[in-house]
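model-v1.json (JSON, C-alpha atoms) appears below.
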[["chain", "number", "residue", "atom", "x", "y", "z"],
["N", 269, "MET", "CA", 11.23, 66.94, 27.47],
["N", 270, "LEU", "CA", 12.65, 68.21, 24.15],
["N", 271, "THR", "CA", 11.12, 67.29, 20.82],
["N", 272, "SER", "CA", 13.02, 67.06, 17.53],
["N", 273, "ASP", "CA", 11.47, 70.40, 16.51],
["N", 274, "ASP", "CA", 12.68, 71.98, 19.76],
["N", 275, "VAL", "CA", 16.23, 70.85, 19.00],
["N", 276, "LEU", "CA", 16.06, 72.19, 15.44],
["N", 277, "HIS", "CA", 14.86, 75.53, 16.78],
["N", 278, "ILE", "CA", 17.86, 75.62, 19.11],
["N", 279, "PHE", "CA", 20.21, 74.98, 16.18],
["N", 280, "ARG", "CA", 18.54, 77.56, 13.95],
["N", 281, "ASP", "CA", 18.23, 80.25, 16.62],
["N", 282, "SER", "CA", 21.90, 79.92, 17.58],
["N", 283, "GLY", "CA", 23.05, 80.13, 13.94],
["N", 284, "ALA", "CA", 24.31, 76.55, 13.92],
["N", 285, "LEU", "CA", 22.55, 75.39, 10.75],
["N", 286, "LEU", "CA", 24.64, 76.64, 7.82],
["N", 287, "GLU", "CA", 24.39, 76.49, 4.04],
["N", 288, "GLY", "CA", 27.33, 76.40, 1.63],
["N", 289, "HIS", "CA", 29.80, 73.75, 0.44],
["N", 290, "PHE", "CA", 31.43, 71.92, 3.33],
["N", 291, "LEU", "CA", 34.08, 69.28, 3.88],
["N", 292, "LEU", "CA", 32.75, 67.08, 6.71],
["N", 293, "THR", "CA", 34.85, 65.23, 9.27],
["N", 294, "SER", "CA", 34.02, 62.01, 7.41],
["N", 295, "GLY", "CA", 35.69, 63.37, 4.25],
["N", 296, "ARG", "CA", 32.35, 63.69, 2.47],
["N", 297, "HIS", "CA", 30.96, 66.95, 1.09],
["N", 298, "SER", "CA", 27.62, 68.57, 1.89],
["N", 299, "GLY", "CA", 25.61, 71.69, 1.15],
["N", 300, "HIS", "CA", 24.60, 71.97, 4.82],
["N", 301, "TYR", "CA", 26.64, 71.98, 7.98],
["N", 302, "LEU", "CA", 25.69, 71.83, 11.64],
["N", 303, "GLU", "CA", 28.19, 73.95, 13.56],
["N", 304, "LYS", "CA", 27.59, 72.51, 17.00],
["N", 305, "PHE", "CA", 29.85, 75.00, 18.75],
["N", 306, "GLN", "CA", 27.40, 77.77, 17.87],
["N", 307, "VAL", "CA", 25.09, 75.90, 20.27],
["N", 308, "LEU", "CA", 27.67, 74.62, 22.76],
["N", 309, "GLN", "CA", 28.97, 78.14, 23.42],
["N", 310, "TYR", "CA", 25.76, 78.78, 25.36],
["N", 311, "PRO", "CA", 25.73, 76.90, 28.69],
["N", 312, "HIS", "CA", 21.96, 77.23, 29.11],
["N", 313, "LEU", "CA", 21.30, 75.61, 25.72],
["N", 314, "THR", "CA", 23.90, 72.89, 26.30],
["N", 315, "SER", "CA", 22.31, 72.20, 29.67],
["N", 316, "ARG", "CA", 18.87, 71.78, 28.08],
["N", 317, "LEU", "CA", 20.18, 69.36, 25.48],
["N", 318, "CYS", "CA", 22.16, 67.30, 27.99],
["N", 319, "ALA", "CA", 19.17, 67.23, 30.34],
["N", 320, "GLU", "CA", 17.32, 65.38, 27.58],
["N", 321, "PHE", "CA", 20.21, 62.88, 27.30],
["N", 322, "ALA", "CA", 20.04, 62.37, 31.06],
["N", 323, "ARG", "CA", 16.24, 61.99, 31.02],
["N", 324, "ARG", "CA", 16.29, 59.34, 28.31],
["N", 325, "PHE", "CA", 18.88, 57.21, 30.14],
["N", 326, "ALA", "CA", 17.76, 57.98, 33.71],
["N", 327, "ASP", "CA", 16.73, 54.37, 34.41],
["N", 328, "ASP", "CA", 19.81, 52.68, 32.93],
["N", 329, "ASN", "CA", 22.19, 52.88, 35.90],
["N", 330, "VAL", "CA", 24.81, 54.83, 33.95],
["N", 331, "GLN", "CA", 28.10, 54.99, 35.88],
["N", 332, "VAL", "CA", 30.25, 57.05, 33.51],
["N", 333, "VAL", "CA", 29.65, 59.24, 30.44],
["N", 334, "VAL", "CA", 32.20, 59.15, 27.60],
["N", 335, "GLY", "CA", 32.49, 61.50, 24.65],
["N", 336, "PRO", "CA", 35.09, 62.02, 21.91],
["N", 337, "ALA", "CA", 37.15, 65.20, 21.78],
["N", 338, "THR", "CA", 36.25, 67.94, 21.09],
["N", 339, "GLY", "CA", 32.50, 68.56, 21.22],
["N", 340, "GLY", "CA", 31.91, 65.32, 23.10],
["N", 341, "ILE", "CA", 33.98, 66.64, 26.03],
["N", 342, "ILE", "CA", 31.44, 69.38, 26.74],
["N", 343, "LEU", "CA", 28.47, 67.05, 26.27],
["N", 344, "ALA", "CA", 30.00, 64.33, 28.46],
["N", 345, "PHE", "CA", 30.80, 66.78, 31.24],
["N", 346, "GLU", "CA", 27.34, 68.34, 31.37],
["N", 347, "THR", "CA", 25.50, 65.03, 30.98],
["N", 348, "GLY", "CA", 27.65, 63.46, 33.70],
["N", 349, "ARG", "CA", 27.02, 66.46, 35.97],
["N", 350, "GLN", "CA", 23.26, 66.14, 35.52],
["N", 351, "MET", "CA", 23.34, 62.37, 36.09],
["N", 352, "GLY", "CA", 25.64, 62.64, 39.09],
["N", 353, "VAL", "CA", 28.35, 60.44, 37.55],
["N", 354, "ARG", "CA", 31.87, 61.03, 36.27],
["N", 355, "ALA", "CA", 32.62, 62.10, 32.72],
["N", 356, "ILE", "CA", 35.70, 61.27, 30.64],
["N", 357, "PHE", "CA", 36.70, 61.59, 27.01],
["N", 358, "THR", "CA", 38.71, 59.96, 24.26],
["N", 359, "GLU", "CA", 41.31, 61.64, 22.07],
["N", 360, "ARG", "CA", 43.00, 60.70, 18.84],
["N", 361, "GLU", "CA", 46.56, 59.48, 19.27],
["N", 362, "ASP", "CA", 48.58, 58.14, 16.34],
["N", 363, "GLY", "CA", 45.38, 58.14, 14.30],
["N", 364, "LYS", "CA", 43.43, 56.07, 16.83],
["N", 365, "MET", "CA", 40.78, 57.15, 19.34],
["N", 366, "THR", "CA", 41.97, 56.24, 22.82],
["N", 367, "PHE", "CA", 41.78, 57.11, 26.50],
["N", 368, "ARG", "CA", 44.61, 59.31, 27.76],
["N", 369, "ARG", "CA", 45.33, 61.49, 30.83],
["N", 370, "GLY", "CA", 44.92, 58.52, 33.15],
["N", 371, "PHE", "CA", 41.29, 57.93, 32.20],
["N", 372, "ALA", "CA", 40.25, 54.31, 32.64],
["N", 373, "LEU", "CA", 37.15, 52.15, 32.97],
["N", 374, "GLN", "CA", 36.53, 49.31, 35.36],
["N", 375, "PRO", "CA", 35.46, 46.00, 33.79],
["N", 376, "GLY", "CA", 31.67, 46.01, 33.57],
["N", 377, "GLU", "CA", 31.36, 49.75, 34.28],
["N", 378, "ARG", "CA", 28.17, 51.00, 32.64],
["N", 379, "VAL", "CA", 28.94, 53.60, 29.99],
["N", 380, "LEU", "CA", 26.79, 56.11, 28.12],
["N", 381, "VAL", "CA", 28.53, 57.41, 24.97],
["N", 382, "VAL", "CA", 27.60, 60.94, 23.89],
["N", 383, "GLU", "CA", 28.39, 62.68, 20.60],
["N", 384, "ASP", "CA", 27.31, 65.85, 18.84],
["N", 385, "ILE", "CA", 26.72, 65.31, 15.12],
["N", 386, "VAL", "CA", 26.85, 61.95, 13.30],
["N", 387, "THR", "CA", 27.18, 61.57, 9.52],
["N", 388, "THR", "CA", 28.91, 58.20, 9.05],
["N", 389, "GLY", "CA", 29.38, 57.44, 12.76],
["N", 390, "GLY", "CA", 33.14, 56.90, 12.44],
["N", 391, "SER", "CA", 34.11, 58.66, 15.68],
["N", 392, "VAL", "CA", 31.38, 56.89, 17.65],
["N", 393, "PHE", "CA", 32.50, 53.48, 16.38],
["N", 394, "GLU", "CA", 36.02, 54.33, 17.54],
["N", 395, "VAL", "CA", 34.79, 55.36, 20.99],
["N", 396, "LEU", "CA", 32.82, 52.12, 21.27],
["N", 397, "ASP", "CA", 35.99, 50.17, 20.44],
["N", 398, "ALA", "CA", 37.94, 52.10, 23.10],
["N", 399, "VAL", "CA", 35.26, 51.48, 25.73],
["N", 400, "ARG", "CA", 35.03, 47.77, 24.90],
["N", 401, "GLY", "CA", 38.83, 47.57, 24.92],
["N", 402, "GLN", "CA", 38.75, 48.48, 28.61],
["N", 403, "GLY", "CA", 35.87, 46.13, 29.41],
["N", 404, "GLY", "CA", 33.20, 48.82, 29.73],
["N", 405, "ALA", "CA", 29.54, 47.84, 29.34],
["N", 406, "ILE", "CA", 27.88, 50.16, 26.80],
["N", 407, "VAL", "CA", 24.41, 51.19, 27.93],
["N", 408, "GLY", "CA", 23.69, 53.29, 24.86],
["N", 409, "ILE", "CA", 24.58, 56.25, 22.68],
["N", 410, "ALA", "CA", 23.10, 59.75, 22.87],
["N", 411, "LEU", "CA", 23.45, 62.10, 19.89],
["N", 412, "LEU", "CA", 22.55, 65.73, 19.41],
["N", 413, "ALA", "CA", 21.80, 65.12, 15.75],
["N", 414, "ASP", "CA", 21.91, 62.19, 13.35],
["N", 415, "ARG", "CA", 22.37, 63.74, 9.92],
["N", 416, "SER", "CA", 22.46, 60.34, 8.21],
["N", 417, "GLY", "CA", 18.68, 60.10, 8.18],
["N", 418, "GLY", "CA", 18.86, 57.14, 10.56],
["N", 419, "THR", "CA", 20.97, 54.98, 8.24],
["N", 420, "VAL", "CA", 23.89, 54.53, 10.68],
["N", 421, "HIS", "CA", 23.44, 51.65, 13.12],
["N", 422, "PHE", "CA", 25.79, 51.06, 16.06],
["N", 423, "GLY", "CA", 24.35, 47.80, 17.35],
["N", 424, "VAL", "CA", 23.33, 49.33, 20.69],
["N", 425, "ARG", "CA", 20.47, 51.54, 21.81],
["N", 426, "THR", "CA", 20.87, 54.96, 20.20],
["N", 427, "GLU", "CA", 18.91, 58.09, 21.07],
["N", 428, "ALA", "CA", 19.26, 61.04, 18.66],
["N", 429, "LEU", "CA", 17.61, 64.27, 19.75],
["N", 430, "THR", "CA", 16.90, 65.02, 16.11],
["N", 431, "THR", "CA", 17.36, 63.07, 12.87],
["N", 432, "LEU", "CA", 18.02, 64.89, 9.62],
["N", 433, "ASP", "CA", 18.23, 63.51, 6.12],
["N", 434, "ILE", "CA", 20.91, 65.87, 4.80],
["N", 435, "PRO", "CA", 22.60, 64.59, 1.62],
["N", 436, "SER", "CA", 26.36, 64.18, 1.63],
["N", 437, "TYR", "CA", 28.58, 63.16, -1.25],
["N", 438, "ALA", "CA", 31.86, 61.45, -1.95],
["N", 439, "PRO", "CA", 34.18, 64.18, -3.31],
["N", 440, "GLU", "CA", 34.26, 62.64, -6.78],
["N", 441, "GLU", "CA", 30.43, 62.63, -6.91],
["N", 442, "CYS", "CA", 29.80, 66.07, -5.37],
["N", 443, "PRO", "CA", 27.50, 68.28, -7.49],
["N", 444, "LEU", "CA", 28.75, 71.36, -5.61],
["N", 445, "CYS", "CA", 32.30, 70.59, -6.73],
["N", 446, "ARG", "CA", 31.09, 70.18, -10.32],
["N", 447, "ALA", "CA", 29.34, 73.55, -10.04],
["N", 448, "GLY", "CA", 32.59, 75.15, -8.89],
["N", 449, "ALA", "CA", 31.33, 76.17, -5.44],
["N", 450, "PRO", "CA", 34.20, 77.05, -3.06],
["N", 451, "LEU", "CA", 34.80, 74.32, -0.48],
["N", 452, "THR", "CA", 34.84, 75.32, 3.19],
["N", 453, "LYS", "CA", 36.88, 73.03, 5.37],
["N", 454, "ARG", "CA", 35.49, 72.11, 8.76],
["N", 455, "GLY", "CA", 37.02, 74.39, 11.36],
["N", 456, "SER", "CA", 38.45, 76.68, 8.67],
["N", 457, "ARG", "CA", 38.62, 80.39, 9.39],
["N", 458, "GLU", "CA", 37.63, 81.06, 5.81],
["N", 459, "GLN", "CA", 33.85, 81.15, 6.08],
["N", 460, "GLY", "CA", 33.17, 83.19, 2.95],
["N", 461, "GLY", "CA", 29.90, 82.44, 1.22],
["N", 462, "VAL", "CA", 28.42, 80.70, 4.26],
["N", 463, "LYS", "CA", 24.94, 81.67, 5.34],
["N", 464, "ARG", "CA", 22.46, 80.51, 7.92],
["N", 465, "ALA", "CA", 19.85, 78.06, 6.76],
["N", 466, "ALA", "CA", 16.31, 79.37, 6.58]]

Turn the structure described in the file into structure tokens.
Amino acid sequence: MLTSDDVLHIFRDSGALLEGHFLLTSGRHSGHYLEKFQVLQYPHLTSRLCAEFARRFADDNVQVVVGPATGGIILAFETGRQMGVRAIFTEREDGKMTFRRGFALQPGERVLVVEDIVTTGGSVFEVLDAVRGQGGAIVGIALLADRSGGTVHFGVRTEALTTLDIPSYAPEECPLCRAGAPLTKRGSREQGGVKRAA
């Protein structure tokens, strides 16, 4: 069993908790960023985290695990492996999250949705729509980290391994922009000025 503190230690020890001025996937800005791939590059850490997903949903008769590309692919695969079920993923096509590569759900198939980091929950909402569009029955959602402070609600059971209240800002309201701090785009190779959080 992993506690929230255990998960934070994993993020800190792997160098995944960063400080700077970041453009998040949601389009909002933040002074902190969780770089999940600093964790997901280590199979033994990923296995520990996904084991906690599997433990929390062990009694829910999950039949398939679904995650959004890219980080959700790794989490879905490892969670599915530990639960003994198949794992598939959604991808964005023409601006919409969808199933490709022949992936499909049977009507009523029991689905666990997994995701890495949630700020506004936009990607998760899209995955839920894709699953429902194929008639899947959503058992719940498992998250590595909810950085909204618990303010995002999906309408189904949600288990976050850790919940963080990290402020994020609309670009026009960002104090870091007003201070002239260089903006680091998510996934950018330009990581100047970024440091690990203490």

Need the shell around N:Val386: protein/DNA/RNA residues with any atom at most 12 Å away, counting all atoms listed in the file. Skip same-chain ones fewer than 4 positions apart. Format as JSON, numbers by chain? {"N": [292, 293, 294, 301, 302, 304, 336, 339, 340, 382, 390, 391, 392, 393, 409, 410, 411, 412, 413, 414, 415, 416, 417, 418, 419, 420, 421, 422, 426, 427, 428, 429, 430, 431, 432, 433, 434, 436]}

What is the atom CA of N:Glu441-atom CA of N:His297 distance in Å, reported with one decimal? 9.1 Å

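In this comparison, which uses all atoms listed in the file, the residue of N:Ala344, N:Ala438, N:Val333, N:Leu308 approaching N:Ala284 most closely is N:Leu308.
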
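Distances here use only C-alpha atoms; by that measure, the residue among N:Arg368, N:Glu377, N:Gly299, N:Gly423 closest to N:Ala447 is N:Gly299.
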
Neighbours of N:Phe290 within 10 Å (all atoms listed in the file; same-chain residues fewer than 5 positions away dropped), as a ChimeraX atom specification? /N:295-301,436,444,449-454,459,462

Near N:Ile278, counting all atoms listed in the file, which residues have an atom at most 8 Å away, once you skip same-chain residues fewer than 3 positions from it, shown as a PyMOL selection string? chain N and resi 274-275+281-282+307+313

Taking all atoms of stretch 423-438 of chain N that the file lists, what box with edges along x, y and z, padded by 4 Å per side, do you get, with centre and edge lengths in Å to one decimal, as AutoDock Vina command-line options?
--center_x 24.4 --center_y 56.8 --center_z 9.9 --size_x 23.0 --size_y 26.1 --size_z 31.8

Using only C-alpha atoms: which of N:Ile341, N:Val424, N:Leu373, N:Leu317 has the shortest distance to N:Val407: N:Val424

Excluding N:Gly404 and its own-chain neighbours fewer than 5 positions away, which residues fall within 6 Å of it when counting only C-alpha atoms? Please give them as a ChimeraX atom specification. /N:375-377,399

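Here atom CA of N:Val334 is placed at a distance of 18.4 Å from atom CA of N:Arg316.
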
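For the pair atom CA of N:Leu343 and atom CA of N:Ala322, the separation is 10.8 Å.
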